[in-house]
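Novice: Sharing target-v5.cif below, mmCIF, C-alpha atoms:
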data_data
#
loop_
_atom_site.label_atom_id
_atom_site.label_comp_id
_atom_site.auth_asym_id
_atom_site.auth_seq_id
_atom_site.Cartn_x
_atom_site.Cartn_y
_atom_site.Cartn_z
CA MET A 695 145.22 83.14 38.94
CA GLY A 696 142.84 80.87 36.99
CA ARG A 697 143.68 78.93 33.87
CA ASP A 698 144.31 81.02 30.78
CA TRP A 699 142.01 79.84 28.00
CA ARG A 700 144.28 80.92 25.16
CA VAL A 701 147.38 79.28 26.61
CA ASP A 702 145.60 75.96 27.18
CA THR A 703 144.14 76.08 23.66
CA LEU A 704 147.53 76.74 22.11
CA ARG A 705 149.06 73.90 24.10
CA GLY A 706 146.27 71.66 22.87
CA TYR A 707 147.05 72.61 19.28
CA PHE A 708 150.75 71.94 19.79
CA LEU A 709 149.96 68.52 21.28
CA VAL A 710 147.79 67.60 18.30
CA ALA A 711 150.43 68.81 15.84
CA MET A 712 153.21 66.87 17.58
CA THR A 713 151.06 63.74 17.71
CA LEU A 714 150.35 63.89 13.97
CA GLY A 715 154.05 64.40 13.31
CA HIS A 716 154.97 61.19 15.10
CA PHE A 717 153.58 58.71 12.56
CA PRO A 718 153.14 58.73 8.76
CA ASN A 719 149.77 60.17 7.75
CA PRO A 720 148.35 62.65 5.19
CA LEU A 721 147.90 65.38 7.82
CA ALA A 722 151.53 65.38 9.03
CA PRO A 723 152.82 67.77 6.30
CA PHE A 724 150.27 70.36 7.46
CA THR A 725 151.39 70.27 11.09
CA GLU A 726 155.19 70.36 10.79
CA TYR A 727 156.80 73.75 10.05
CA THR A 728 153.56 74.97 8.53
CA PHE A 729 154.14 78.59 9.56
CA GLY A 730 157.83 78.79 8.76
CA TYR A 731 160.99 77.64 10.49
CA ALA A 732 159.48 77.25 13.97
CA SER A 733 157.34 74.28 14.91
CA SER A 734 155.10 72.99 17.69
CA PRO A 735 157.85 72.01 20.19
CA ASP A 736 159.09 75.63 20.18
CA GLY A 737 155.75 76.95 21.33
CA PHE A 738 155.10 74.06 23.69
CA VAL A 739 158.39 74.50 25.56
CA PHE A 740 157.91 78.29 25.76
CA LEU A 741 154.39 77.92 27.16
CA SER A 742 155.64 75.31 29.63
CA GLY A 743 158.05 77.87 31.03
CA LEU A 744 155.31 80.50 31.10
CA VAL A 745 152.86 78.29 32.94
CA SER A 746 155.50 77.08 35.39
CA THR A 747 156.05 80.65 36.55
CA TRP A 748 152.31 81.26 36.88
CA VAL A 749 151.99 78.14 39.03
CA TYR A 750 155.09 78.24 41.21
CA LEU A 751 155.81 81.93 41.76
CA PRO A 752 152.43 82.68 43.44
CA LEU A 753 152.97 79.60 45.59
CA ARG A 754 156.36 80.97 46.60
CA ASP A 755 154.75 84.28 47.52
CA ARG A 756 152.03 82.62 49.61
CA ARG A 757 153.88 79.82 51.36
CA GLY A 758 157.58 80.45 50.86
CA PRO A 759 160.45 78.95 48.84
CA SER A 760 160.29 75.56 50.58
CA ALA A 761 156.70 74.96 49.52
CA MET A 762 157.54 75.95 45.97
CA LEU A 763 160.59 73.67 45.88
CA SER A 764 158.54 70.76 47.22
CA LYS A 765 155.87 71.19 44.54
CA VAL A 766 158.44 71.60 41.77
CA LEU A 767 160.20 68.40 42.80
CA ARG A 768 156.92 66.49 42.97
CA ARG A 769 156.01 67.63 39.48
CA ALA A 770 159.47 66.83 38.14
CA GLY A 771 159.21 63.41 39.76
CA THR A 772 155.86 62.76 38.10
CA ILE A 773 157.26 63.71 34.70
CA TYR A 774 160.37 61.58 35.26
CA LEU A 775 158.29 58.53 36.22
CA THR A 776 156.15 59.07 33.12
CA HIS A 777 159.33 59.10 31.05
CA ILE A 778 160.50 55.85 32.69
CA ALA A 779 157.11 54.21 32.09
CA LEU A 780 157.21 55.13 28.39
CA LEU A 781 160.78 53.90 28.19
CA VAL A 782 159.86 50.54 29.73
CA VAL A 783 156.89 50.15 27.38
CA GLY A 784 159.18 50.84 24.43
CA ILE A 785 161.69 48.25 25.59
CA VAL A 786 159.03 45.61 26.18
CA ALA A 787 157.45 46.29 22.78
CA ALA A 788 160.86 45.97 21.12
CA LEU A 789 161.31 42.48 22.58
CA PHE A 790 158.31 41.06 20.75
CA PRO A 791 159.05 39.04 17.60
CA GLY A 792 159.02 41.20 14.50
CA ALA A 793 159.51 44.44 16.40
CA VAL A 794 162.04 46.82 14.95
CA LEU A 795 164.60 48.17 17.40
CA ARG A 796 167.25 50.56 16.27
CA SER A 797 169.97 48.05 17.09
CA VAL A 798 170.74 45.07 19.26
CA ALA A 799 171.71 46.73 22.54
CA GLY A 800 170.44 44.91 25.61
CA PRO A 801 167.27 46.04 27.40
CA LEU A 802 169.18 46.77 30.61
CA GLN A 803 171.66 49.06 28.86
CA THR A 804 168.77 50.83 27.16
CA LEU A 805 166.88 51.27 30.42
CA VAL A 806 169.87 52.54 32.41
CA SER A 807 170.92 54.97 29.68
CA GLY A 808 167.39 56.32 29.33
CA ALA A 809 166.84 56.52 33.09
CA LEU A 810 170.00 58.62 33.45
CA LEU A 811 168.64 60.95 30.72
CA TRP A 812 171.76 60.20 28.71
CA ASN A 813 169.81 59.01 25.71
CA GLN A 814 166.21 59.15 24.59
CA GLY A 815 164.11 56.60 22.76
CA GLY A 816 161.47 57.20 20.13
CA PHE A 817 159.80 60.61 20.26
CA ASP A 818 159.84 60.87 24.06
CA ARG A 819 162.47 63.57 24.18
CA ILE A 820 160.64 66.54 25.65
CA LEU A 821 159.94 64.89 29.02
CA PRO A 822 163.60 64.33 30.05
CA MET A 823 164.40 67.87 29.00
CA TYR A 824 161.44 69.24 30.91
CA CYS A 825 162.60 67.44 34.09
CA VAL A 826 165.91 69.29 33.94
CA PHE A 827 164.31 72.66 33.26
CA LEU A 828 161.87 72.23 36.14
CA ALA A 829 164.67 71.28 38.52
CA PHE A 830 166.36 74.62 37.83
CA SER A 831 163.13 76.63 38.07
CA PRO A 832 163.41 77.52 41.78
CA ILE A 833 166.87 79.01 41.14
CA VAL A 834 165.71 80.94 38.09
CA LEU A 835 162.61 82.33 39.80
CA LYS A 836 164.67 83.33 42.83
CA GLN A 837 166.97 85.36 40.60
CA PHE A 838 163.97 87.05 39.00
CA THR A 839 162.47 88.06 42.34
CA GLU A 840 165.80 89.40 43.58
CA GLY A 841 166.30 91.68 40.59
CA ARG A 842 168.84 89.54 38.78
CA ALA A 843 166.83 88.64 35.71
CA TRP A 844 169.65 90.10 33.63
CA VAL A 845 172.02 87.47 35.05
CA VAL A 846 169.65 84.69 33.99
CA GLY A 847 169.31 86.32 30.58
CA VAL A 848 173.06 86.53 30.04
CA ILE A 849 173.61 82.91 31.07
CA SER A 850 170.68 81.68 28.97
CA ALA A 851 171.83 83.63 25.91
CA GLY A 852 175.38 82.37 26.38
CA LEU A 853 174.25 78.75 26.51
CA TRP A 854 172.09 79.24 23.42
CA VAL A 855 174.94 80.80 21.45
CA GLY A 856 177.27 78.01 22.60
CA ALA A 857 174.74 75.44 21.39
CA GLN A 858 174.96 76.89 17.87
CA PHE A 859 178.61 75.84 17.90
CA GLY A 860 178.03 72.38 19.38
CA LEU A 861 177.86 73.00 23.12
CA GLY A 862 175.61 70.35 24.65
CA ASP A 863 175.46 68.11 21.58
CA SER A 864 175.32 64.37 22.17
CA LYS A 865 178.68 62.81 21.35
CA SER A 866 177.77 59.17 21.78
CA GLY A 867 174.94 57.06 23.00
CA ALA A 868 173.59 53.67 23.82
CA ALA A 869 173.27 51.59 20.70
CA ALA A 870 169.52 51.00 21.11
CA LEU A 871 168.58 54.64 21.59
CA ASN A 872 168.80 57.80 19.59
CA PRO A 873 171.13 60.45 20.96
CA ALA A 874 169.44 63.26 22.85
CA THR A 875 167.85 65.14 19.96
CA PHE A 876 166.96 68.19 22.03
CA ASN A 877 170.11 70.02 23.04
CA LEU A 878 169.35 71.40 26.50
CA CYS A 879 171.70 74.35 26.01
CA ALA A 880 169.65 75.44 22.99
CA TRP A 881 166.14 74.67 24.19
CA GLN A 882 166.49 76.19 27.63
CA ALA A 883 166.25 79.57 25.91
CA TYR A 884 162.59 78.91 25.07
CA PHE A 885 161.76 77.74 28.59
CA VAL A 886 163.61 80.57 30.32
CA ALA A 887 162.02 83.14 28.00
CA GLY A 888 158.61 81.74 28.93
CA GLN A 889 159.49 81.97 32.61
CA TYR A 890 160.61 85.57 32.26
CA PHE A 891 157.49 86.72 30.42
CA GLY A 892 155.38 84.88 32.97
CA TYR A 893 157.23 86.72 35.73
CA ARG A 894 156.79 90.07 33.98
CA GLY A 895 153.09 89.43 33.61
CA LEU A 896 152.71 88.74 37.33
CA ARG A 897 154.94 91.50 38.62
CA SER A 898 154.89 94.37 36.14
CA SER A 899 151.97 96.79 35.89
CA GLU A 900 153.07 97.48 32.30
CA GLY A 901 152.47 93.91 31.24
CA SER A 902 154.63 91.10 29.95
CA VAL A 903 155.42 92.71 26.61
CA GLY A 904 154.96 96.29 25.47
CA LYS A 905 152.76 97.06 22.49
CA SER A 906 154.74 98.45 19.58
CA ARG A 907 153.30 98.87 16.10
CA VAL A 908 156.81 99.08 14.69
CA LEU A 909 157.73 95.76 16.29
CA LEU A 910 154.42 94.29 15.15
CA ALA A 911 155.11 95.31 11.56
CA THR A 912 158.67 94.01 11.76
CA CYS A 913 157.58 90.63 13.13
CA SER A 914 154.86 90.39 10.48
CA VAL A 915 157.32 90.98 7.66
CA VAL A 916 159.95 88.61 9.07
CA ALA A 917 157.40 85.86 9.72
CA LEU A 918 155.97 86.23 6.21
CA LEU A 919 159.41 86.08 4.57
CA LEU A 920 160.34 83.01 6.57
CA VAL A 921 157.15 81.11 5.80
CA VAL A 922 157.64 81.85 2.10
CA ASP A 923 161.29 80.79 2.24
CA ARG A 924 160.34 77.63 4.14
CA HIS A 925 157.92 76.58 1.37
CA LEU A 926 159.96 77.67 -1.66
CA LEU A 927 160.76 74.08 -2.56
CA SER A 928 157.17 72.82 -2.45
CA LEU A 929 155.70 75.93 -4.14
CA TRP A 930 158.24 76.71 -6.85
CA GLY A 931 160.82 73.94 -6.72
CA VAL A 932 163.49 76.29 -5.41
CA ASN A 933 165.67 75.44 -2.42
CA PRO A 934 165.09 77.71 0.60
CA LEU A 935 167.48 80.65 0.61
CA LEU A 936 168.32 80.10 4.27
CA ASN A 937 168.97 76.38 3.84
CA PHE A 938 166.04 75.23 5.94
CA ASN A 939 166.57 72.14 8.03
CA ALA A 940 164.46 70.60 10.74
CA HIS A 941 167.30 70.19 13.22
CA PRO A 942 166.11 72.01 16.35
CA ASP A 943 169.47 72.91 17.86
CA HIS A 944 171.63 74.61 15.22
CA ASN A 945 169.13 76.86 13.52
CA PRO A 946 169.13 80.47 14.80
CA VAL A 947 166.49 81.45 12.27
CA ARG A 948 164.14 79.00 13.94
CA PHE A 949 164.40 80.88 17.23
CA LEU A 950 163.86 84.21 15.45
CA ASP A 951 160.79 82.87 13.68
CA ALA A 952 159.36 81.49 16.92
CA ALA A 953 159.79 84.90 18.58
CA CYS A 954 158.07 86.70 15.70
CA LEU A 955 155.16 84.26 15.57
CA GLY A 956 154.78 84.46 19.33
CA TYR A 957 154.58 88.25 19.21
CA LEU A 958 151.91 88.10 16.51
CA LEU A 959 149.83 85.75 18.65
CA TRP A 960 150.39 88.11 21.58
CA TRP A 961 148.68 90.90 19.63
CA ILE A 962 145.49 89.00 18.82
CA PRO A 963 142.68 90.68 20.82
CA ARG A 964 141.35 88.68 23.74
CA SER A 965 137.84 89.18 22.36
CA VAL A 966 138.79 86.57 19.76
CA ASP A 967 139.00 84.00 22.56
CA ALA A 968 135.32 84.49 23.43
CA GLU A 969 134.37 83.78 19.83
CA ALA A 970 136.67 80.75 19.63
CA MET A 971 135.09 79.32 22.77
CA LYS A 972 131.85 78.89 20.81
CA LEU A 973 133.50 76.44 18.42
CA ARG A 974 133.79 72.79 19.41
CA PHE A 975 137.18 72.42 17.74
CA PHE A 976 138.78 75.07 19.94
CA ARG A 977 137.00 73.80 23.03
CA PHE A 978 138.47 70.38 22.26
CA LEU A 979 141.98 71.85 21.95
CA ASN A 980 141.44 73.72 25.22
CA LEU A 981 140.49 70.49 26.96
CA LEU A 982 143.68 68.82 25.71
CA GLY A 983 145.87 71.74 26.76
CA GLY A 984 144.68 71.51 30.34
CA HIS A 985 145.98 67.93 30.65
CA SER A 986 149.19 68.11 28.65
CA LEU A 987 151.25 65.43 30.44
CA GLN A 988 148.50 62.83 30.23
CA ILE A 989 147.84 63.65 26.56
CA PHE A 990 151.52 63.52 25.65
CA ALA A 991 152.08 60.16 27.37
CA PHE A 992 148.98 58.68 25.73
CA SER A 993 150.03 59.96 22.32
CA MET A 994 153.46 58.37 22.72
CA LEU A 995 151.87 55.00 23.37
CA ILE A 996 149.53 54.98 20.40
CA THR A 997 151.86 56.60 17.87
CA ARG A 998 154.67 54.19 18.75
CA PHE A 999 152.36 51.38 17.64
CA GLU A 1000 150.98 53.25 14.61
CA ALA A 1001 154.43 54.17 13.30
CA HIS A 1002 155.16 50.46 12.66
CA THR A 1003 151.74 49.40 11.36
CA ILE A 1004 150.29 52.21 9.25
CA ASN A 1005 152.80 52.09 6.38
CA THR A 1006 150.85 49.37 4.59
CA PHE A 1007 147.54 51.26 4.79
CA SER A 1008 145.95 53.08 1.86
CA PRO A 1009 145.99 56.92 1.89
CA GLY A 1010 142.32 56.99 2.83
CA ALA A 1011 142.82 54.56 5.68
CA LYS A 1012 145.79 56.59 6.92
CA LEU A 1013 143.62 59.71 6.98
CA ILE A 1014 140.92 57.94 8.98
CA VAL A 1015 143.53 56.65 11.46
CA ALA A 1016 144.95 60.17 11.83
CA LEU A 1017 141.53 61.66 12.58
CA LEU A 1018 140.67 58.89 15.03
CA THR A 1019 144.04 59.36 16.72
CA VAL A 1020 143.36 63.05 17.27
CA LEU A 1021 139.87 62.33 18.65
CA SER A 1022 141.27 59.64 20.96
CA LEU A 1023 143.40 62.27 22.71
CA GLY A 1024 140.21 63.46 24.37
CA LEU A 1025 139.91 60.22 26.35
CA PRO A 1026 142.88 60.71 28.72
CA ALA A 1027 141.95 64.39 29.05
CA TRP A 1028 138.39 63.52 30.05
CA LEU A 1029 139.50 60.82 32.48
CA HIS A 1030 142.07 63.09 34.11
CA GLN A 1031 139.51 65.86 34.43
CA LEU A 1032 137.14 63.48 36.20
CA TYR A 1033 139.98 62.47 38.51
CA ARG A 1034 140.68 66.13 39.32
CA GLU A 1035 137.04 66.85 40.05
CA ARG A 1036 136.70 63.86 42.36
CA ALA A 1037 139.96 64.66 44.12
CA SER A 1038 138.94 68.27 44.73
CA GLY A 1039 135.34 67.44 45.53
CA SER A 1040 133.96 69.93 43.01
CA ALA A 1041 134.08 70.64 39.31
CA PRO A 1042 136.47 73.39 38.21
CA VAL A 1043 135.10 76.56 36.71
CA LEU A 1044 136.60 77.14 33.28
CA ARG A 1045 136.60 80.70 31.98
CA PRO A 1046 138.73 82.74 29.59
CA GLU A 1047 141.09 84.40 32.06
CA THR A 1048 143.06 87.39 30.84
CA MET A 1049 146.72 86.60 30.31
CA PRO A 1050 148.82 88.78 32.64
CA GLY A 1051 149.86 91.96 30.91
CA LEU A 1052 147.81 91.44 27.76
CA PRO A 1053 145.17 93.79 26.36
CA THR A 1054 141.60 92.58 26.77
CA ALA A 1055 140.38 93.99 23.49
#
Rewrite the structure of this file - the entire thing - as structure tokens.
Specialist:
Amino acid sequence: MGRDWRVDTLRGYFLVAMTLGHFPNPLAPFTEYTFGYASSPDGFVFLSGLVSTWVYLPLRDRRGPSAMLSKVLRRAGTIYLTHIALLVVGIVAALFPGAVLRSVAGPLQTLVSGALLWNQGGFDRILPMYCVFLAFSPIVLKQFTEGRAWVVGVISAGLWVGAQFGLGDSKSGAAALNPATFNLCAWQAYFVAGQYFGYRGLRSSEGSVGKSRVLLATCSVVALLLVVDRHLLSLWGVNPLLNFNAHPDHNPVRFLDAACLGYLLWWIPRSVDAEAMKLRFFRFLNLLGGHSLQIFAFSMLITRFEAHTINTFSPGAKLIVALLTVLSLGLPAWLHQLYRERASGSAPVLRPETMPGLPTA
């Protein structure tokens, strides 16, 4: 199947939101938990699982499990090497005079710990997690195709529940690095859910998700209540009733909110995509979403520098830097697109493909 315009556009939005959340700027409060308890990483990880199924399952059907495994490992290797490159850049930058490192651990200890995915530095925490999820993808997809999706679901749900009680939490870490913020036992639920819905969309004639007005109404009410509760403090000076916190691992309401928001997006008619394609802003997001790894790596490099230099800027200067940072994300996307076109010998045809199992109107 071709690229799905809506999925790439959403991924582009999530990349922009995560980038703005990685350094102090006036736009950051509008991109973090804006719509309630869920945030951009929730959607990004879910869509990563969805897209992985769309890419690797058809390959498995055409060329067999070995071809799929080979491509999965190549992609995981690329992501891992990107993680190592960002880690090395962070270590080198920390060695310069005046740089602020979390503590005084040696560069070698930091490198080894990060390379083993034991700890993570800075905001580069999705890539190590994604490597692990991709490595298990051939096993998960095999279970789906052999009618054992329920087994995957039970295991995934069990790991997620265990994570709410501390399963998979980091107990200790290298002194120079933050502990692994993203608990794999918790976040695999997003990735596996994305894989399952991707599989349903490819295999089921009924679509990925059934249309239910009752469920739509329920998700609308829940999402509205959660966004109001999330902003009680800023709107009325009242603490959120559900004790909102931004910790991504021990917050079941966050997962519920992400599911509700995802279902609401699922219901938006595909005709809206054609209208959005006319707007440069959405076309820009779509461009970013089609080159997510390159955009993410680039954003890590520039925001690592900005996080230590922008604090002394005036509010107006911070806003200008934030806008320029977002615009700069188009550079790696454009360069990677040129690379793809030259490698393939022809320019790709971009069109708003219909997401498997979704209504077209």
Novice: Just how far from CA of Arg697 (chain A) is CA of Lys836 (chain A), in Å to one decimal?
Specialist: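 Here the two named atoms are 23.2 Å from each other.
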Novice: To one decimal place in Å, what is the distance between CA of Phe999 (chain A) and CA of Phe978 (chain A)?
Specialist: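 Going from CA of Phe999 (chain A) over to CA of Phe978 (chain A), I get 24.0 Å.
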Novice: Find the axis-aligned box for region 850-853 of chain A, covering all its listed atoms and adding 6 Å on each side, and write its centre and edge lengths in Å to one decimal as AutoDock Vina command-line options.
Specialist:
--center_x 173.0 --center_y 81.2 --center_z 27.4 --size_x 16.7 --size_y 16.9 --size_z 15.1
Novice: Between A:Leu821, A:Leu918, A:Val846, A:Leu927, which one has atoms that come closest to Leu878 (chain A), using all atoms listed in the file?
Specialist: A:Leu821
Novice: Identify the residues within 9 Å of coordinate (164.1, 79.3, 12.7) (same frame as the file), considering all atoms listed in the file, and give the answer as a PDB file with C-alpha atoms, keeping the file's coordinate frame.
Specialist:
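Okay, selection_2.pdb is ready:
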ATOM      1  CA  GLY A 730     157.830  78.790   8.760  1.00  0.00           C
ATOM      2  CA  TYR A 731     160.990  77.640  10.490  1.00  0.00           C
ATOM      3  CA  ALA A 732     159.480  77.250  13.970  1.00  0.00           C
ATOM      4  CA  SER A 733     157.340  74.280  14.910  1.00  0.00           C
ATOM      5  CA  LEU A 920     160.340  83.010   6.570  1.00  0.00           C
ATOM      6  CA  PHE A 938     166.040  75.230   5.940  1.00  0.00           C
ATOM      7  CA  ASN A 939     166.570  72.140   8.030  1.00  0.00           C
ATOM      8  CA  ALA A 940     164.460  70.600  10.740  1.00  0.00           C
ATOM      9  CA  PRO A 942     166.110  72.010  16.350  1.00  0.00           C
ATOM     10  CA  ASN A 945     169.130  76.860  13.520  1.00  0.00           C
ATOM     11  CA  PRO A 946     169.130  80.470  14.800  1.00  0.00           C
ATOM     12  CA  VAL A 947     166.490  81.450  12.270  1.00  0.00           C
ATOM     13  CA  ARG A 948     164.140  79.000  13.940  1.00  0.00           C
ATOM     14  CA  PHE A 949     164.400  80.880  17.230  1.00  0.00           C
ATOM     15  CA  LEU A 950     163.860  84.210  15.450  1.00  0.00           C
ATOM     16  CA  ASP A 951     160.790  82.870  13.680  1.00  0.00           C
ATOM     17  CA  ALA A 952     159.360  81.490  16.920  1.00  0.00           C
TER      18      ALA A 952
END
Novice: Please provide as a PyMOL selection string all residues within 9 Å of Ala722 (chain A), with the sequence filter that same-chain residues fewer than 5 positions apart are discarded (counting all atoms listed in the file).
Specialist: chain A and resi 711-717+1016
Novice: Excluding Leu981 (chain A) and its own-chain neighbours fewer than 5 positions away, which residues fall within 9 Å of it when counting only C-alpha atoms? Please give them as JSON, numbers by chain.
Specialist: {"A": [702, 703, 706, 976, 1024, 1027, 1028, 1031]}
Novice: Dump C-alpha atoms for the selected residues as an mmCIF file, in the coordinates of the input?
Specialist:
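The result, stored in selection_31.cif:
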data_model
loop_
_atom_site.group_PDB
_atom_site.id
_atom_site.type_symbol
_atom_site.label_atom_id
_atom_site.label_comp_id
_atom_site.auth_asym_id
_atom_site.auth_seq_id
_atom_site.Cartn_x
_atom_site.Cartn_y
_atom_site.Cartn_z
ATOM 1 C CA ASP A 702 145.600 75.960 27.180
ATOM 2 C CA THR A 703 144.140 76.080 23.660
ATOM 3 C CA GLY A 706 146.270 71.660 22.870
ATOM 4 C CA PHE A 976 138.780 75.070 19.940
ATOM 5 C CA GLY A 1024 140.210 63.460 24.370
ATOM 6 C CA ALA A 1027 141.950 64.390 29.050
ATOM 7 C CA TRP A 1028 138.390 63.520 30.050
ATOM 8 C CA GLN A 1031 139.510 65.860 34.430
#
Novice: Suppose you want the space between CA of Leu811 (chain A) and CA of Leu781 (chain A); what is it in Å?
Specialist: 10.9 Å
Novice: Translate the PyMOL selection byres ((chain A and resi 957) around 10), as applied to the file shown, into an explicit residue set as a PyMOL selection string.
Specialist: chain A and resi 903+905+909-910+913-914+951-956+958-962
Novice: Counting all atoms listed in the file, select every polymer residue within 12 Å of (139.9, 74.3, 24.5) as defined in the file's coordinates, and provide the selection as an MDAnalysis selection string.
Specialist: chainID A and resid 697:707 967:986 1024 1027 1044:1046
Novice: Keeping only C-alpha atoms, write those residues as a CSV table (one decimal), in the frame of the given file.
Specialist:
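Result saved to out.csv:
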chain,number,residue,atom,x,y,z
A,697,ARG,CA,143.7,78.9,33.9
A,698,ASP,CA,144.3,81.0,30.8
A,699,TRP,CA,142.0,79.8,28.0
A,700,ARG,CA,144.3,80.9,25.2
A,701,VAL,CA,147.4,79.3,26.6
A,702,ASP,CA,145.6,76.0,27.2
A,703,THR,CA,144.1,76.1,23.7
A,704,LEU,CA,147.5,76.7,22.1
A,705,ARG,CA,149.1,73.9,24.1
A,706,GLY,CA,146.3,71.7,22.9
A,707,TYR,CA,147.0,72.6,19.3
A,967,ASP,CA,139.0,84.0,22.6
A,968,ALA,CA,135.3,84.5,23.4
A,969,GLU,CA,134.4,83.8,19.8
A,970,ALA,CA,136.7,80.8,19.6
A,971,MET,CA,135.1,79.3,22.8
A,972,LYS,CA,131.8,78.9,20.8
A,973,LEU,CA,133.5,76.4,18.4
A,974,ARG,CA,133.8,72.8,19.4
A,975,PHE,CA,137.2,72.4,17.7
A,976,PHE,CA,138.8,75.1,19.9
A,977,ARG,CA,137.0,73.8,23.0
A,978,PHE,CA,138.5,70.4,22.3
A,979,LEU,CA,142.0,71.8,22.0
A,980,ASN,CA,141.4,73.7,25.2
A,981,LEU,CA,140.5,70.5,27.0
A,982,LEU,CA,143.7,68.8,25.7
A,983,GLY,CA,145.9,71.7,26.8
A,984,GLY,CA,144.7,71.5,30.3
A,985,HIS,CA,146.0,67.9,30.6
A,986,SER,CA,149.2,68.1,28.6
A,1024,GLY,CA,140.2,63.5,24.4
A,1027,ALA,CA,142.0,64.4,29.0
A,1044,LEU,CA,136.6,77.1,33.3
A,1045,ARG,CA,136.6,80.7,32.0
A,1046,PRO,CA,138.7,82.7,29.6
Novice: Run the PyMOL selection byres ((chain A and resi 763) around 12) against the file shown and list the residues it catches, as a list in words.
Specialist: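 So the PyMOL selection byres ((chain A and resi 763) around 12) ends up selecting Val749, Tyr750, Leu751, Leu753, Arg754, Arg757, Gly758, Pro759, Ser760, Ala761, Met762, Ser764, Lys765, Val766, Leu767, Arg768, Arg769, Ala770, Leu828, Ala829, Phe830, Ser831, Pro832, Ile833, Val834, Leu835 and Lys836 of chain A.
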Novice: Selection in question (the file shown): the PyMOL selection byres ((chain A and resi 719) around 10). Which residues does it include, as a ChimeraX atom specification?
Specialist: /A:714-718,720-723,1000-1001,1004-1005,1007-1017
Novice: Applying 8 Å and only C-alpha atoms, which residues near Pro822 (chain A) remain after dropping the ones on its own chain fewer than 5 positions away? List them as a list in words.
Specialist: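 Near neighbours after the sequence-gap exclusion: Ile773, Tyr774, His777, Leu811 and Gln814 of chain A.
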Novice: Can you write out the residues you just picked, keeping C-alpha atoms, as a CSV table (one decimal), in the coordinates of the input?
Specialist:
chain,number,residue,atom,x,y,z
A,773,ILE,CA,157.3,63.7,34.7
A,774,TYR,CA,160.4,61.6,35.3
A,777,HIS,CA,159.3,59.1,31.0
A,811,LEU,CA,168.6,61.0,30.7
A,814,GLN,CA,166.2,59.2,24.6
Novice: Is it possible to produce a file of region 839-852 of chain A from this structure, with N, CA and C atoms, as a PDB file, in the first residue's frame?
Specialist:
ATOM      1  N   THR A 839      -0.759 -13.615  12.463  1.00  0.00           N
ATOM      2  CA  THR A 839      -1.111 -14.353  11.242  1.00  0.00           C
ATOM      3  C   THR A 839      -1.517 -15.785  11.527  1.00  0.00           C
ATOM      4  N   GLU A 840      -1.123 -16.306  12.675  1.00  0.00           N
ATOM      5  CA  GLU A 840      -1.474 -17.690  13.020  1.00  0.00           C
ATOM      6  C   GLU A 840      -2.653 -17.765  13.972  1.00  0.00           C
ATOM      7  N   GLY A 841      -3.386 -16.657  14.091  1.00  0.00           N
ATOM      8  CA  GLY A 841      -4.620 -16.668  14.876  1.00  0.00           C
ATOM      9  C   GLY A 841      -4.420 -16.591  16.377  1.00  0.00           C
ATOM     10  N   ARG A 842      -3.264 -16.127  16.803  1.00  0.00           N
ATOM     11  CA  ARG A 842      -3.003 -16.044  18.243  1.00  0.00           C
ATOM     12  C   ARG A 842      -2.838 -14.596  18.707  1.00  0.00           C
ATOM     13  N   ALA A 843      -3.618 -13.719  18.101  1.00  0.00           N
ATOM     14  CA  ALA A 843      -3.564 -12.319  18.529  1.00  0.00           C
ATOM     15  C   ALA A 843      -3.977 -12.182  19.989  1.00  0.00           C
ATOM     16  N   TRP A 844      -4.874 -13.062  20.431  1.00  0.00           N
ATOM     17  CA  TRP A 844      -5.336 -13.002  21.822  1.00  0.00           C
ATOM     18  C   TRP A 844      -4.175 -13.275  22.787  1.00  0.00           C
ATOM     19  N   VAL A 845      -3.243 -14.147  22.379  1.00  0.00           N
ATOM     20  CA  VAL A 845      -2.085 -14.441  23.227  1.00  0.00           C
ATOM     21  C   VAL A 845      -1.230 -13.184  23.378  1.00  0.00           C
ATOM     22  N   VAL A 846      -0.998 -12.504  22.255  1.00  0.00           N
ATOM     23  CA  VAL A 846      -0.220 -11.259  22.292  1.00  0.00           C
ATOM     24  C   VAL A 846      -0.930 -10.235  23.165  1.00  0.00           C
ATOM     25  N   GLY A 847      -2.261 -10.159  23.023  1.00  0.00           N
ATOM     26  CA  GLY A 847      -3.029  -9.202  23.808  1.00  0.00           C
ATOM     27  C   GLY A 847      -2.935  -9.463  25.297  1.00  0.00           C
ATOM     28  N   VAL A 848      -3.031 -10.727  25.681  1.00  0.00           N
ATOM     29  CA  VAL A 848      -2.954 -11.077  27.105  1.00  0.00           C
ATOM     30  C   VAL A 848      -1.574 -10.743  27.670  1.00  0.00           C
ATOM     31  N   ILE A 849      -0.528 -11.090  26.934  1.00  0.00           N
ATOM     32  CA  ILE A 849       0.831 -10.797  27.400  1.00  0.00           C
ATOM     33  C   ILE A 849       1.058  -9.296  27.484  1.00  0.00           C
ATOM     34  N   SER A 850       0.626  -8.568  26.446  1.00  0.00           N
ATOM     35  CA  SER A 850       0.811  -7.116  26.429  1.00  0.00           C
ATOM     36  C   SER A 850       0.060  -6.457  27.582  1.00  0.00           C
ATOM     37  N   ALA A 851      -1.187  -6.869  27.794  1.00  0.00           N
ATOM     38  CA  ALA A 851      -1.972  -6.299  28.890  1.00  0.00           C
ATOM     39  C   ALA A 851      -1.349  -6.631  30.240  1.00  0.00           C
ATOM     40  N   GLY A 852      -0.838  -7.849  30.376  1.00  0.00           N
ATOM     41  CA  GLY A 852      -0.200  -8.247  31.629  1.00  0.00           C
ATOM     42  C   GLY A 852       1.031  -7.412  31.928  1.00  0.00           C
TER      43      GLY A 852
END
